[in-house]
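**Student:** Please read through the structure below; I'll follow up with questions.
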Amino acid sequence: INFDDRCGGFYSYQAYLLAAEYIKAFPDSRFADEIVEQLQEWSHGNFWYSKIDLSQIIAKEAKKVLEKTDRTRAIATVEKQLQSAKQRDLLLSTVKQLLELDPNNQIAIATIQEELESSNDNNELSYLVGLCDEYKIIEDRAIKILIELLKQIKPDDMPEAHAWVGNTFYYLNRMVTSDENVIDALIHFVTRIYPKGYIFLVELALETLGVIARNNRKAIAFLESFIQKYSSGTICSLSTRALWTIEPNNFLAIETAIKLLDDEQELLAAREVAYSLLVDEQTYLNLSPEYLEKVIAYLINRLVKDYEFQQAHREHAELVGMGGCDINILGKTATTNKAALEGLYLLLSKVEDWHSKMYIYSALPHREAISDRALNIIYKFLESVEDNWQKYNIARKIIEKDDCNKVALEIYNSSLNIIDDKYTRLEIAKKLALANPRNKLAIKVLSESIYISGSRSRYCLSESELALSVLEKIDPSKKLAIQALEACVKKTADQDALIYALKHLKRLDPENNIAQQRINKIVASLVKSMENYEPDDDNYWLNMGVYWRVIMSSQILPEVIRVLKPYLKDQSSSGLNVDNIACAIIWDCAQQMSYQDFHQAWHLQTSS
């Protein structure tokens, strides 16, 4: 713990962290308390004075080690800091840290209870309630605070501007099952806010009431009275939905909802009610066959009218958009309801644009989507489609339901020779290779597309979406994957592609010579460029930081340390902290090198 490494502290900290992690094996050590207390200080960013700032790295490492060290001492140390904390930020972060170490810690619980009583900051109170919810502690007191917060919400307090407003409803939904005081508070809230015309806050309150007041007579009586007072429009649909959620077989709720379907002046409210009646599983089960048929017919007729209106007033008509949710819920209902299924078939035959047609096809229950009836409608439509891109998209939707569909796979095969878009070609090749692992053209495209880079604002493919996972799946020997990665390493000039290929070559073939040769070449180039880089070139430093996470196993790490050392206190013109990047790379080096090798590298003379 008093080790002066004479290397900027990189090994002094490592030695101390090692002692801290294993002090539990030496419970009687006279250094034990001091070590754990120091670890706690570092975890909050309090450090020794040093010419080199390792604070960000060590704070992160100290938090990890604090969970591994002597548990009893760690808890006692954090308790001590919590009881002496003066600053609010430190107190709040320390109480959370203590709960992470000991979820039922009485000092942490007492501190939270005290802060709940004394704090006047709504955001802080909301944070403390969140801790109560996360660790299931003093929930009764937290709920009382939520009631007080509910009373403080003003009509113009929106969650986008005040996070505690949205959190109040969020935690009520999570923490309350049935509480008369909360139900009273919500009823009072709706009565207070609605006359001022702020529907969004009222909607949150009514949804919360629906969650926490199941079968509660007071809530039911309030909503029945509210519906009778406001019997039309959006507020009626919201309160009706809350009522049938609380009491799924409530006659007034269902009757009001059905009546709304006939109100031509409130189409939006009626549509939302119809959708909600089918979405709410319990209410759906309580609908009589007559009412269920009316709801389904309403949604189908509404979709048909919308489409006909669009056809009459614009060149291009689509049902996707507002009607998309209706189509999806009809698809779910169609699994057990023939009227919904027939309605979807009617829509499938009626719509003329490929987008709407395939959306409806996708919404059909799986067994129906691959039936002859549905496919025949799609095949007939395909005869009139000339655009290759549209054909591909239709085939894509068919394959999502039936990955062995011959018509769709034939379109995929022809598309691979026509479509130029690299992302689309990758998707086509993946499907074809999985359907037929001997498809040479698909394998060729996959091998050439082992990594695809592009505009990250538009595309950001995860590793599972790239070609490698398919090549590994269709060839258990991994030869296809290794050959494709080797080709990429040899020829690519793209940084991301190179890092990706090197990482996976090392995974599949740890001793691969092609990978190691390219790594050594990169390291030599980077070392040279580090000595000559322009101080204002922030992109250089960011890119270099990414590179080193892949190539740290290089044999010339001492040279890396030599050239990075002068930048440990540098600051670029635009504010990028070069010191942090250099520190992080050297820290990685230190973890892979012996102290003797690191010490020798640290004291190499830098070239002037």
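A note on labels: chains of the structure tokens are A, B, ... as shown, every chain counts residues from 1, and ligands are counted from 1 in their shown order.
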Which residues come within 8 Å of Leu101 (chain A), counting only C-alpha atoms, excluding same-chain residues fewer than 6 positions away, as a PyMOL selection string?

**Tutor:** chain A and resi 67+71+75

**Student:** Store the residues picked out above, limited to all heavy atoms, as an mmCIF file, in the first residue's frame.

**Tutor:**
```
data_model
loop_
_atom_site.group_PDB
_atom_site.id
_atom_site.type_symbol
_atom_site.label_atom_id
_atom_site.label_comp_id
_atom_site.auth_asym_id
_atom_site.auth_seq_id
_atom_site.Cartn_x
_atom_site.Cartn_y
_atom_site.Cartn_z
ATOM 1 N N GLU A 67 -16.992 -4.183 -4.391
ATOM 2 C CA GLU A 67 -17.976 -5.261 -4.299
ATOM 3 C C GLU A 67 -17.320 -6.626 -4.066
ATOM 4 O O GLU A 67 -18.004 -7.591 -3.741
ATOM 5 C CB GLU A 67 -18.817 -5.300 -5.578
ATOM 6 C CG GLU A 67 -19.651 -4.036 -5.788
ATOM 7 C CD GLU A 67 -20.437 -4.063 -7.082
ATOM 8 O OE1 GLU A 67 -20.357 -5.081 -7.796
ATOM 9 O OE2 GLU A 67 -21.125 -3.070 -7.385
ATOM 10 N N ARG A 71 -16.567 -7.735 2.716
ATOM 11 C CA ARG A 71 -17.924 -7.176 2.665
ATOM 12 C C ARG A 71 -18.271 -6.404 3.940
ATOM 13 O O ARG A 71 -18.817 -5.295 3.880
ATOM 14 C CB ARG A 71 -18.919 -8.314 2.438
ATOM 15 C CG ARG A 71 -20.363 -7.868 2.437
ATOM 16 C CD ARG A 71 -21.282 -9.063 2.170
ATOM 17 N NE ARG A 71 -22.653 -8.760 2.493
ATOM 18 C CZ ARG A 71 -23.462 -8.067 1.716
ATOM 19 N NH1 ARG A 71 -23.029 -7.608 0.563
ATOM 20 N NH2 ARG A 71 -24.715 -7.821 2.069
ATOM 21 N N ILE A 75 -19.071 -2.368 3.942
ATOM 22 C CA ILE A 75 -20.349 -1.817 4.400
ATOM 23 C C ILE A 75 -20.118 -0.803 5.515
ATOM 24 O O ILE A 75 -20.689 0.300 5.517
ATOM 25 C CB ILE A 75 -21.298 -2.938 4.862
ATOM 26 C CG1 ILE A 75 -21.731 -3.788 3.658
ATOM 27 C CG2 ILE A 75 -22.514 -2.378 5.589
ATOM 28 C CD1 ILE A 75 -22.485 -5.049 4.023
#
```

**Student:** What's around Gln81 (chain A) at 9 Å? Count only C-alpha atoms, leave out sequence neighbours fewer than 3 positions away in its own chain, and write the answer as JSON, numbers by chain.

**Tutor:** {"A": [40, 76, 77, 78, 84, 85, 91, 94]}

**Student:** Do you know which residues are at most 9 Å from Leu564 (chain A) counting only C-alpha atoms, after dropping those on the same chain fewer than 3 positions away, and could you put them as a list of chain:residue names?

**Tutor:**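 Everything that qualifies: A:Val527, A:Met530, A:Glu531, A:Glu559, A:Val560, A:Ile561, A:Tyr567, A:Leu568, A:Ala582, A:Cys583, A:Ile585, A:Ile586.
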
**Student:** As an exercise, work out the distance from CA of Glu21 (chain A) to CA of Gln97 (chain A) in Å and give it to one decimal place.

**Tutor:**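 According to the coordinates, CA of Glu21 (chain A) and CA of Gln97 (chain A) are separated by 17.3 Å.
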
**Student:** From the options A:Ile499, A:Ile443, A:Met158, A:Leu364, which residue's atoms come nearest to Lys473 (chain A), counting only C-alpha atoms?

**Tutor:**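 Ranked by minimum distance to Lys473 (chain A), first place goes to A:Ile443.
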
**Student:** Could you pull out all residues of region 453-509 of chain A with a DSSP call of alpha helix (DSSP H) and give them as a PyMOL selection string?

**Tutor:** chain A and resi 468-474+479-491+495-508

**Student:** Emit the selected residues as a compact mmCIF listing (two decimals), in the first residue's frame, including C-alpha atoms.

**Tutor:**
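Saved result, again.txt, follows:
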```txt
# COMPACT_ATOMS: atom_id res chain seq x y z
CA LEU A 468 -20.29 -13.86 -40.33
CA SER A 469 -22.97 -15.49 -38.18
CA VAL A 470 -24.53 -17.10 -41.26
CA LEU A 471 -21.19 -18.31 -42.67
CA GLU A 472 -20.41 -19.95 -39.32
CA LYS A 473 -23.86 -21.55 -39.20
CA ILE A 474 -23.79 -23.08 -42.69
CA LYS A 479 -13.35 -22.36 -43.15
CA LEU A 480 -15.71 -20.11 -45.08
CA ALA A 481 -15.75 -17.59 -42.23
CA ILE A 482 -11.96 -17.61 -41.77
CA GLN A 483 -11.31 -17.20 -45.50
CA ALA A 484 -13.70 -14.24 -45.69
CA LEU A 485 -12.11 -12.60 -42.64
CA GLU A 486 -8.60 -13.12 -44.01
CA ALA A 487 -9.58 -11.51 -47.31
CA CYS A 488 -11.01 -8.54 -45.41
CA VAL A 489 -7.84 -8.14 -43.30
CA LYS A 490 -5.63 -8.19 -46.39
CA LYS A 491 -7.46 -5.62 -48.47
CA GLN A 495 -10.94 1.06 -39.76
CA ASP A 496 -14.15 -0.46 -38.37
CA ALA A 497 -14.02 -3.36 -40.82
CA LEU A 498 -10.40 -4.07 -39.92
CA ILE A 499 -11.07 -4.07 -36.17
CA TYR A 500 -14.08 -6.36 -36.67
CA ALA A 501 -12.15 -8.80 -38.88
CA LEU A 502 -9.11 -8.91 -36.57
CA LYS A 503 -11.25 -9.51 -33.50
CA HIS A 504 -13.11 -12.45 -35.06
CA LEU A 505 -10.02 -13.97 -36.68
CA LYS A 506 -8.39 -14.03 -33.25
CA ARG A 507 -11.54 -15.74 -31.91
CA LEU A 508 -11.82 -18.37 -34.67
```

**Student:** Do a neighbour search on Lys430 (chain A) at 8 Å with only C-alpha atoms, toss out local chain neighbours closer than 2 positions, and write the hits as a PyMOL selection string.

**Tutor:** chain A and resi 426-428+432-434+442+446+467+470

**Student:** Can you list, as an mmCIF file with all heavy atoms, in the first residue's frame, every protein, DNA or RNA residue that comes within 8 Å of Leu201 (chain A) when you count only C-alpha atoms, leaving out same-chain residues fewer than 3 positions away?

**Tutor:**
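Now in out_25.cif:
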```cif
data_model
loop_
_atom_site.group_PDB
_atom_site.id
_atom_site.type_symbol
_atom_site.label_atom_id
_atom_site.label_comp_id
_atom_site.auth_asym_id
_atom_site.auth_seq_id
_atom_site.Cartn_x
_atom_site.Cartn_y
_atom_site.Cartn_z
ATOM 1 N N PRO A 155 -51.430 22.181 -13.691
ATOM 2 C CA PRO A 155 -51.965 21.800 -15.011
ATOM 3 C C PRO A 155 -50.970 21.909 -16.147
ATOM 4 O O PRO A 155 -51.086 21.188 -17.135
ATOM 5 C CB PRO A 155 -53.130 22.778 -15.200
ATOM 6 C CG PRO A 155 -53.558 23.128 -13.817
ATOM 7 C CD PRO A 155 -52.302 23.158 -13.012
ATOM 8 N N MET A 158 -45.586 19.382 -17.472
ATOM 9 C CA MET A 158 -45.517 18.241 -18.388
ATOM 10 C C MET A 158 -44.273 17.398 -18.105
ATOM 11 O O MET A 158 -43.207 17.941 -17.783
ATOM 12 C CB MET A 158 -45.505 18.727 -19.833
ATOM 13 C CG MET A 158 -46.735 19.551 -20.197
ATOM 14 S SD MET A 158 -48.277 18.675 -19.874
ATOM 15 C CE MET A 158 -48.297 17.528 -21.241
ATOM 16 N N ILE A 193 -57.797 18.762 -12.265
ATOM 17 C CA ILE A 193 -57.066 19.092 -13.492
ATOM 18 C C ILE A 193 -57.969 19.168 -14.713
ATOM 19 O O ILE A 193 -57.822 20.061 -15.547
ATOM 20 C CB ILE A 193 -55.946 18.057 -13.745
ATOM 21 C CG1 ILE A 193 -54.899 18.103 -12.625
ATOM 22 C CG2 ILE A 193 -55.266 18.298 -15.092
ATOM 23 C CD1 ILE A 193 -54.067 19.358 -12.583
ATOM 24 N N TYR A 198 -56.338 19.998 -19.508
ATOM 25 C CA TYR A 198 -55.084 19.326 -19.803
ATOM 26 C C TYR A 198 -55.310 17.807 -19.838
ATOM 27 O O TYR A 198 -55.146 17.101 -18.845
ATOM 28 C CB TYR A 198 -54.009 19.709 -18.780
ATOM 29 C CG TYR A 198 -53.606 21.157 -18.916
ATOM 30 C CD1 TYR A 198 -54.279 22.154 -18.227
ATOM 31 C CD2 TYR A 198 -52.569 21.525 -19.766
ATOM 32 C CE1 TYR A 198 -53.934 23.489 -18.377
ATOM 33 C CE2 TYR A 198 -52.209 22.861 -19.923
ATOM 34 C CZ TYR A 198 -52.898 23.835 -19.221
ATOM 35 O OH TYR A 198 -52.551 25.155 -19.377
ATOM 36 N N LEU A 204 -52.960 10.176 -17.868
ATOM 37 C CA LEU A 204 -52.015 9.461 -17.002
ATOM 38 C C LEU A 204 -52.695 9.033 -15.702
ATOM 39 O O LEU A 204 -52.504 7.907 -15.222
ATOM 40 C CB LEU A 204 -50.808 10.351 -16.687
ATOM 41 C CG LEU A 204 -49.806 10.616 -17.814
ATOM 42 C CD1 LEU A 204 -48.734 11.584 -17.345
ATOM 43 C CD2 LEU A 204 -49.158 9.321 -18.282
ATOM 44 N N ALA A 205 -53.470 9.940 -15.140
ATOM 45 C CA ALA A 205 -54.146 9.632 -13.875
ATOM 46 C C ALA A 205 -55.182 8.527 -14.050
ATOM 47 O O ALA A 205 -55.292 7.620 -13.215
ATOM 48 C CB ALA A 205 -54.797 10.899 -13.332
#
```

**Student:** Find the nearest atom pair between each residue of region 304-343 of chain A and region 367-372 of chain A for residues within 12 Å, count only C-alpha atoms, give distances in Å to one decimal, sort rows by chain and ascending number, and present the table as JSON lines.

**Tutor:**
```
{"residue": "A:Gly331", "atom": "CA", "partner": "A:Glu368", "partner_atom": "CA", "distance": 10.0}
{"residue": "A:Lys332", "atom": "CA", "partner": "A:Glu368", "partner_atom": "CA", "distance": 11.7}
{"residue": "A:Ala334", "atom": "CA", "partner": "A:Glu368", "partner_atom": "CA", "distance": 9.3}
{"residue": "A:Thr335", "atom": "CA", "partner": "A:Glu368", "partner_atom": "CA", "distance": 8.8}
{"residue": "A:Thr336", "atom": "CA", "partner": "A:Glu368", "partner_atom": "CA", "distance": 11.6}
{"residue": "A:Lys338", "atom": "CA", "partner": "A:Glu368", "partner_atom": "CA", "distance": 11.4}
{"residue": "A:Leu341", "atom": "CA", "partner": "A:Glu368", "partner_atom": "CA", "distance": 8.7}
{"residue": "A:Glu342", "atom": "CA", "partner": "A:Glu368", "partner_atom": "CA", "distance": 10.9}
```

**Student:** For Arg241 (chain A), which residue among A:Asp263, A:Glu61, A:Asp280, A:Asp597 is the nearest when counting only C-alpha atoms?

**Tutor:**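 Among A:Asp263, A:Glu61, A:Asp280, A:Asp597, it is A:Asp280 that comes nearest to Arg241 (chain A).
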
**Student:** If you count only C-alpha atoms, which residues fall within 9 Å of region 221-238 of chain A, apart from same-chain ones fewer than 3 positions away, as JSON, numbers by chain?

**Tutor:** {"A": [187, 194, 199, 202, 203, 206, 207, 216, 217, 218, 241, 242, 243, 252, 253, 256, 257, 260, 263, 265, 266, 267, 268, 269, 270, 272, 273]}

**Student:** Between CA of Ile220 (chain A) and CA of Asp179 (chain A), what is the distance in Å, rounded to a tenth?

**Tutor:**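 CA of Ile220 (chain A) sits 14.2 Å away from CA of Asp179 (chain A).
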
**Student:** Show which residues sit within 9 Å of Phe598 (chain A), as a PyMOL selection string. Count only C-alpha atoms, and ignore same-chain residues fewer than 4 positions away.

**Tutor:** chain A and resi 7+11+557-558+561+589-590+593-594+602-603
